[in-house]
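Visitor: First the structure, then my questions, so here it is.
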Protein chains: 2
Amino acid sequence: MPMDASVKPHDRLARFLADDMDAVNVLIRKRMASEHAPRIPEVTAHLVEAGGKRLRPMLTLAAAHLCGYQGDHHVKLAATVEFIHTATLLHDDVVDESGQRRGRPTANLLWDNKSSVLVGDYLFSRSFQLMVETGSLRVLDILANASATIAEGEVLQLTAAQDLATTEAIYLQVVRGKTAALFSAATEVGGVIAGADDATTQALFDYGDALGISFQIVDDLLDYWGSDATGKNIGDDFRERKLTLPVIKAVARADATERDFWKRTIEKGNQQDGDLETALELLKKHNAMEDTRTEALKWADQAKAVLSVLPDHELRQMLSDIADYVVARLR
Amino acid sequence: MPMDASVKPHDRLARFLADDMDAVNVLIRKRMASEHAPRIPEVTAHLVEAGGKRLRPMLTLAAAHLCGYQGDHHVKLAATVEFIHTATLLHDDVVDESGQRRGRPTANLLWDNKSSVLVGDYLFSRSFQLMVETGSLRVLDILANASATIAEGEVLQLTAAQDLATTEAIYLQVVRGKTAALFSAATEVGGVIAGADDATTQALFDYGDALGISFQIVDDLLDYWGSDATGKNIGDDFRERKLTLPVIKAVARADATERDFWKRTIEKGNQQDGDLETALELLKKHNAMEDTRTEALKWADQAKAVLSVLPDHELRQMLSDIADYVVARLR
């Protein structure tokens, strides 16, 4: 397939993996069903039709192919990863009390929080069944650890989010948990199922970890930077009092008056008209958005750098382009 | 150890398994901790100290011993089963909007729904890590299937609970999912880890299944029958508009006026002073409580009957006594 620079890296990867992704989508539709509880396919269909980018399952497929895998367990693992992701989205929407995701009403709004909690549990169990079917204890170990790290990151975020004492190190730990842990597990299990050596699986893990961190930093930055692509409005995180990297940087550089402003708006949640504008001015004044962007670029570069360990393969370039693409969302 | 009839069956089993249960408790405390998120041990400690009866992990230990197991994986599996149970309790409290469990305030009341959802996810992930450590794919398969059945049963309950068209067959399916699936997995994995033959593991599954069904029917009946032991008040399920077996039986035998009563109170949730008393009279009139009790006894008898397949062992008698004990809660 000739390289076409006008096609976005994500779409190029999707085209390369199209047959596999068809199989993943068939498997997802089959396994998200329930014989006994019709509410389950209602909720899951709503999510599946919302059409996320399926980046995580593509990472698993790409890693497996890159390591020369010939079997079909990679399709199961890709579906596993997407199920875990969807389960965490359902639970996140309850935790965040969100009303919109990807420009559509969330499941907790259309049905109720109860359905989101229980259908999330169902999808998590289904993901677990799928991975057991691969018969690989090492894969099970990686995904069990990733699941625990994700949940831990989410709980840490809950207690750290509105606390001005949250450092960049704690922020990194939250991001590693809630986002990067599934990226790194997704790429690592692709290599493991293909029987890759330790250096290769380690590089795949490191790529996923750095890519996931870069991805989340960009996501958090877009909330102030602005973009059509996320379906989020500027300032959602500010209104929800989430202490993300741009604000952490601005708080660290704040004078006494500015500190009082962040204390009132984020810690106490006492927000007034004009506060978002003030917040944006303070981020600008302290160069917090530019510095956050630099951080995201650093992690993307790190993701690209570890790829040199991997076999020479056209997918390797595509994974490199994906890392560029993640930060290119900042226009 | 001499048999002492004055000691309750549950306590006799606990004494027999005391050393193992100490090891289970140590493991639970160790694994429920979190290095990074202090909220996690706060919530889990609250639950662990609430001191449930630990019936499920004891069933796993008993099944393993009964099958002559000599290793130490049964302790991991017992902790696994208790973690899954605790995770479902945390999520149930969110779904039921409960304020009390075992006479103490629930975690969702002391912290918030968010913490209950995410700490539940964490415990579920931790259970998953523990079972992976046993290295038995068959055990993983059984527990993955049980988890999916539990979640499916909970979702089915969500949609069936306030629907007067719910039949006894649907009720049985809900109960098999939300309660019996973990009982039967708990006993089955005990046999599997001990390398028991298929007839034995099947009997252990059947015992757990019948015991779990009996247990849940009794639980639902106690809500109208009354008991100090549950920490529930008479009529909680009625007020929460849960269609359980006694009411399903009364609805099936209702005349037109009585049907309107159930429609108003359960389906529409329009309850007034005196409605609980009317409900109790209707249950009495149609013999619904006695018939429900007969059903619970039938399942307990079935649990005891399958034990004949198992090896002759003093634990076999204790498991039989546990089945009697479950229904003996109805005084």
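Every chain in the structure tokens takes a letter, A first, then B, and so on in the order presented; its residues are numbered from 1, and the ligands are numbered from 1 following the presented order.
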Among range 40-125 of chain B, which residues does DSSP mark as helix (DSSP H, G or I) when it is run on the backbone? Keep the chain and numbering as in the structure and answer as number ranges by chain.
Guide: B: 40-49, 55-66, 73-96, 107-110, 113-125
Visitor: Select, as a ChimeraX atom specification, those residues of chain A with any atom no more than 9 Å from chain B (distances computed using only C-alpha atoms).
Guide: /A:34,36-40,91-92,94-96,113-115,117-130,132-133,135-138,140-141,143-159,173
Visitor: Take the selection from the previous step and output its residues with N, CA and C atoms, as a short mmCIF file (atom, residue, chain, number, x, y, z; two decimals), in the first residue's frame.
Guide:
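Written file, part-v2.cif:
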```cif
data_model
loop_
_atom_site.label_atom_id
_atom_site.label_comp_id
_atom_site.auth_asym_id
_atom_site.auth_seq_id
_atom_site.Cartn_x
_atom_site.Cartn_y
_atom_site.Cartn_z
N SER A 34 -26.25 -10.15 25.43
CA SER A 34 -26.60 -10.92 26.62
C SER A 34 -27.89 -11.66 26.31
N HIS A 36 -29.94 -12.96 28.46
CA HIS A 36 -31.01 -12.80 29.45
C HIS A 36 -31.38 -11.35 29.77
N ALA A 37 -30.43 -10.44 29.64
CA ALA A 37 -30.70 -9.07 30.08
C ALA A 37 -30.64 -8.10 28.90
N PRO A 38 -31.80 -7.77 28.31
CA PRO A 38 -31.83 -6.93 27.11
C PRO A 38 -31.26 -5.53 27.33
N ARG A 39 -31.24 -5.05 28.57
CA ARG A 39 -30.68 -3.73 28.83
C ARG A 39 -29.20 -3.67 28.41
N ILE A 40 -28.51 -4.80 28.54
CA ILE A 40 -27.07 -4.81 28.26
C ILE A 40 -26.76 -4.45 26.81
N HIS A 91 -18.02 3.66 33.74
CA HIS A 91 -17.86 4.00 35.15
C HIS A 91 -17.39 5.45 35.32
N ASP A 92 -16.54 5.92 34.40
CA ASP A 92 -16.09 7.33 34.46
C ASP A 92 -17.25 8.29 34.35
N VAL A 94 -20.24 7.89 35.33
CA VAL A 94 -20.94 7.94 36.62
C VAL A 94 -20.13 8.80 37.59
N VAL A 95 -18.82 8.56 37.62
CA VAL A 95 -17.95 9.27 38.56
C VAL A 95 -17.91 10.77 38.24
N ASP A 96 -17.83 11.09 36.95
CA ASP A 96 -17.76 12.50 36.54
C ASP A 96 -19.13 13.16 36.45
N ASN A 113 -27.52 5.75 36.32
CA ASN A 113 -26.20 5.40 36.86
C ASN A 113 -26.10 3.90 37.13
N LYS A 114 -27.22 3.32 37.60
CA LYS A 114 -27.22 1.89 37.92
C LYS A 114 -26.82 1.07 36.71
N SER A 115 -27.45 1.37 35.57
CA SER A 115 -27.15 0.62 34.35
C SER A 115 -25.69 0.80 33.95
N VAL A 117 -23.11 1.42 35.89
CA VAL A 117 -22.24 0.66 36.80
C VAL A 117 -22.29 -0.83 36.44
N LEU A 118 -23.49 -1.38 36.31
CA LEU A 118 -23.63 -2.83 36.14
C LEU A 118 -23.24 -3.29 34.75
N VAL A 119 -23.58 -2.52 33.72
CA VAL A 119 -23.18 -2.90 32.36
C VAL A 119 -21.65 -2.77 32.24
N GLY A 120 -21.06 -1.78 32.91
CA GLY A 120 -19.60 -1.70 32.96
C GLY A 120 -19.00 -2.96 33.57
N ASP A 121 -19.58 -3.41 34.67
CA ASP A 121 -19.11 -4.65 35.31
C ASP A 121 -19.25 -5.83 34.35
N TYR A 122 -20.34 -5.86 33.61
CA TYR A 122 -20.57 -6.95 32.67
C TYR A 122 -19.48 -6.95 31.58
N LEU A 123 -19.20 -5.77 31.02
CA LEU A 123 -18.18 -5.68 29.97
C LEU A 123 -16.81 -6.07 30.50
N PHE A 124 -16.53 -5.67 31.73
CA PHE A 124 -15.25 -6.03 32.33
C PHE A 124 -15.15 -7.56 32.47
N SER A 125 -16.23 -8.20 32.90
CA SER A 125 -16.24 -9.67 33.01
C SER A 125 -16.10 -10.33 31.65
N ARG A 126 -16.76 -9.74 30.65
CA ARG A 126 -16.66 -10.29 29.30
C ARG A 126 -15.23 -10.18 28.77
N SER A 127 -14.56 -9.08 29.08
CA SER A 127 -13.17 -8.91 28.64
C SER A 127 -12.30 -9.99 29.27
N PHE A 128 -12.61 -10.29 30.49
CA PHE A 128 -11.89 -11.29 31.27
C PHE A 128 -12.09 -12.68 30.63
N GLN A 129 -13.32 -12.99 30.24
CA GLN A 129 -13.58 -14.27 29.55
C GLN A 129 -12.77 -14.36 28.26
N LEU A 130 -12.75 -13.26 27.50
CA LEU A 130 -12.03 -13.26 26.22
C LEU A 130 -10.55 -13.53 26.41
N VAL A 132 -9.09 -15.07 28.88
CA VAL A 132 -8.87 -16.45 29.34
C VAL A 132 -8.82 -17.39 28.13
N GLU A 133 -9.63 -17.08 27.11
CA GLU A 133 -9.67 -17.93 25.91
C GLU A 133 -8.33 -17.98 25.17
N GLY A 135 -5.59 -18.47 26.57
CA GLY A 135 -4.81 -19.49 27.26
C GLY A 135 -3.42 -19.06 27.68
N SER A 136 -3.14 -17.76 27.62
CA SER A 136 -1.81 -17.28 27.99
C SER A 136 -1.82 -16.65 29.38
N LEU A 137 -1.17 -17.32 30.33
CA LEU A 137 -1.13 -16.78 31.70
C LEU A 137 -0.37 -15.46 31.76
N ARG A 138 0.62 -15.29 30.88
CA ARG A 138 1.38 -14.04 30.90
C ARG A 138 0.49 -12.87 30.45
N LEU A 140 -2.74 -12.79 30.81
CA LEU A 140 -3.68 -12.58 31.92
C LEU A 140 -3.03 -11.76 33.03
N ASP A 141 -1.77 -12.07 33.30
CA ASP A 141 -1.04 -11.35 34.34
C ASP A 141 -0.93 -9.87 33.97
N LEU A 143 -2.77 -8.05 31.92
CA LEU A 143 -4.06 -7.34 31.89
C LEU A 143 -4.67 -7.21 33.28
N ALA A 144 -4.41 -8.20 34.16
CA ALA A 144 -4.88 -8.08 35.55
C ALA A 144 -4.16 -6.93 36.23
N ASN A 145 -2.84 -6.84 36.01
CA ASN A 145 -2.08 -5.73 36.61
C ASN A 145 -2.52 -4.39 36.05
N ALA A 146 -2.75 -4.35 34.75
CA ALA A 146 -3.20 -3.10 34.14
C ALA A 146 -4.54 -2.66 34.73
N SER A 147 -5.46 -3.61 34.91
CA SER A 147 -6.78 -3.28 35.47
C SER A 147 -6.65 -2.68 36.86
N ALA A 148 -5.78 -3.27 37.67
CA ALA A 148 -5.60 -2.76 39.03
C ALA A 148 -4.98 -1.36 38.99
N THR A 149 -4.03 -1.15 38.08
CA THR A 149 -3.38 0.16 37.96
C THR A 149 -4.37 1.22 37.49
N ILE A 150 -5.25 0.84 36.56
CA ILE A 150 -6.28 1.78 36.08
C ILE A 150 -7.17 2.22 37.24
N ALA A 151 -7.69 1.23 37.98
CA ALA A 151 -8.61 1.55 39.10
C ALA A 151 -7.90 2.39 40.15
N GLU A 152 -6.65 2.06 40.43
CA GLU A 152 -5.88 2.82 41.41
C GLU A 152 -5.70 4.27 40.94
N GLY A 153 -5.39 4.44 39.67
CA GLY A 153 -5.22 5.79 39.10
C GLY A 153 -6.50 6.60 39.21
N GLU A 154 -7.63 5.93 38.97
CA GLU A 154 -8.92 6.63 39.03
C GLU A 154 -9.24 7.07 40.46
N VAL A 155 -8.94 6.20 41.43
CA VAL A 155 -9.19 6.56 42.83
C VAL A 155 -8.26 7.70 43.24
N LEU A 156 -6.99 7.60 42.83
CA LEU A 156 -6.03 8.65 43.16
C LEU A 156 -6.51 9.99 42.60
N GLN A 157 -7.01 9.97 41.37
CA GLN A 157 -7.52 11.19 40.74
C GLN A 157 -8.67 11.79 41.56
N LEU A 158 -9.51 10.90 42.09
CA LEU A 158 -10.66 11.33 42.88
C LEU A 158 -10.23 12.17 44.07
N THR A 159 -9.16 11.74 44.75
CA THR A 159 -8.73 12.44 45.96
C THR A 159 -7.78 13.59 45.63
N GLN A 173 1.37 10.17 37.93
CA GLN A 173 0.93 8.87 38.44
C GLN A 173 -0.53 8.59 38.07
#
```
Visitor: Would you kindly return, as a ChimeraX atom specification, each protein, DNA or RNA residue with an atom no farther than 12 Å from any atom of His73 in chain B, considering only C-alpha atoms and excluding same-chain residues fewer than 3 positions away?
Guide: /B:20,23-24,27,60-61,64-65,69-70,76-80,130-136,139,189-195
Visitor: Please provide as a list in words all residues within 8 Å of Thr201 in chain A, with the sequence filter that same-chain residues fewer than 2 positions apart are discarded (counting only C-alpha atoms).
Guide: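 Once the nearby chain positions are removed, what remains is Glu188, Val189, Gly191, Val192, Ala196, Asp197, Asp198, Ala199, Ala203, Leu204 and Phe205 of chain A.
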Visitor: If you keep N, CA and C atoms, can you produce a file of those selected residues as a PDB file, in the first residue's frame?
Guide:
```
ATOM      1  N   GLU A 188       1.867  -4.255  24.780  1.00  0.00           N
ATOM      2  CA  GLU A 188       2.674  -5.357  25.313  1.00  0.00           C
ATOM      3  C   GLU A 188       2.052  -6.722  24.999  1.00  0.00           C
ATOM      4  N   VAL A 189       0.736  -6.879  25.223  1.00  0.00           N
ATOM      5  CA  VAL A 189       0.130  -8.202  24.987  1.00  0.00           C
ATOM      6  C   VAL A 189       0.183  -8.581  23.504  1.00  0.00           C
ATOM      7  N   GLY A 191       2.739  -8.065  21.569  1.00  0.00           N
ATOM      8  CA  GLY A 191       4.053  -8.698  21.435  1.00  0.00           C
ATOM      9  C   GLY A 191       4.111 -10.048  22.118  1.00  0.00           C
ATOM     10  N   VAL A 192       3.530 -10.141  23.310  1.00  0.00           N
ATOM     11  CA  VAL A 192       3.581 -11.392  24.088  1.00  0.00           C
ATOM     12  C   VAL A 192       2.882 -12.520  23.338  1.00  0.00           C
ATOM     13  N   ALA A 196       7.216 -12.597  21.155  1.00  0.00           N
ATOM     14  CA  ALA A 196       8.385 -11.714  21.008  1.00  0.00           C
ATOM     15  C   ALA A 196       9.320 -11.846  22.212  1.00  0.00           C
ATOM     16  N   ASP A 197      10.605 -11.488  22.000  1.00  0.00           N
ATOM     17  CA  ASP A 197      11.565 -11.583  23.112  1.00  0.00           C
ATOM     18  C   ASP A 197      11.346 -10.438  24.112  1.00  0.00           C
ATOM     19  N   ASP A 198      12.055 -10.515  25.243  1.00  0.00           N
ATOM     20  CA  ASP A 198      11.835  -9.556  26.330  1.00  0.00           C
ATOM     21  C   ASP A 198      12.138  -8.112  25.927  1.00  0.00           C
ATOM     22  N   ALA A 199      13.211  -7.908  25.166  1.00  0.00           N
ATOM     23  CA  ALA A 199      13.569  -6.542  24.771  1.00  0.00           C
ATOM     24  C   ALA A 199      12.445  -5.934  23.925  1.00  0.00           C
ATOM     25  N   ALA A 203      10.008  -2.809  24.893  1.00  0.00           N
ATOM     26  CA  ALA A 203       9.907  -1.618  24.033  1.00  0.00           C
ATOM     27  C   ALA A 203       8.446  -1.318  23.697  1.00  0.00           C
ATOM     28  N   LEU A 204       7.667  -2.379  23.461  1.00  0.00           N
ATOM     29  CA  LEU A 204       6.239  -2.188  23.168  1.00  0.00           C
ATOM     30  C   LEU A 204       5.528  -1.577  24.371  1.00  0.00           C
ATOM     31  N   PHE A 205       5.859  -2.090  25.570  1.00  0.00           N
ATOM     32  CA  PHE A 205       5.293  -1.521  26.792  1.00  0.00           C
ATOM     33  C   PHE A 205       5.666  -0.041  26.895  1.00  0.00           C
TER      34      PHE A 205
END
```
Visitor: Looking at B:Asp312, B:Asp219, B:Asp209, B:Asp93, which one is nearest to Thr106 in chain B, with distances taken over only C-alpha atoms?
Guide: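 Going through B:Asp312, B:Asp219, B:Asp209, B:Asp93 one by one, the smallest distance to Thr106 in chain B is for B:Asp93.
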Visitor: I need the residue nearest Thr292 in chain A from this list: A:Gly226, A:Pro105, A:Pro246, A:Gly235. Use only C-alpha atoms for the distance.
Guide: A:Pro246
Visitor: Neighbours of range 4-17 of chain B within 8 Å (only C-alpha atoms; same-chain residues fewer than 4 positions away dropped), as a list in words?
Guide: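 The residues satisfying every condition are Met21, Leu55, Met58, Leu61, Ala62, Leu315, Met318, Asp321, Ile322 and Tyr325 of chain B.
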Visitor: I need the strand (DSSP E) residues of range 46-248 of chain B per DSSP on the backbone, written as a count of residues only.
Guide: 4
Visitor: Report, in Å with one decimal, the straight-line distance from CA of Ala180 in chain A to CA of Ala210 in chain A.
Guide: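 So the two atoms, CA of Ala180 in chain A and CA of Ala210 in chain A, lie 7.3 Å apart.
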Visitor: Any idea what's packed within 8 Å of Lys304 in chain B, counting only C-alpha atoms, ignoring anything in its chain fewer than 2 positions away? Could you give it as a PyMOL selection string?
Guide: chain B and resi 207+300-302+306-308+319-320+323
Visitor: For a quick check of understanding, using only C-alpha atoms, which of B:Asn270, B:Asn25, B:Ser214, B:Thr294 has the smallest distance to Val175 in chain B?
Guide: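 Under the stated criterion, the closest residue is B:Ser214.
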Visitor: Between CA of Asp22 in chain B and CA of Pro57 in chain B, measure the distance and give it in Å to one decimal.
Guide: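 Interatomic distance here is 11.5 Å.
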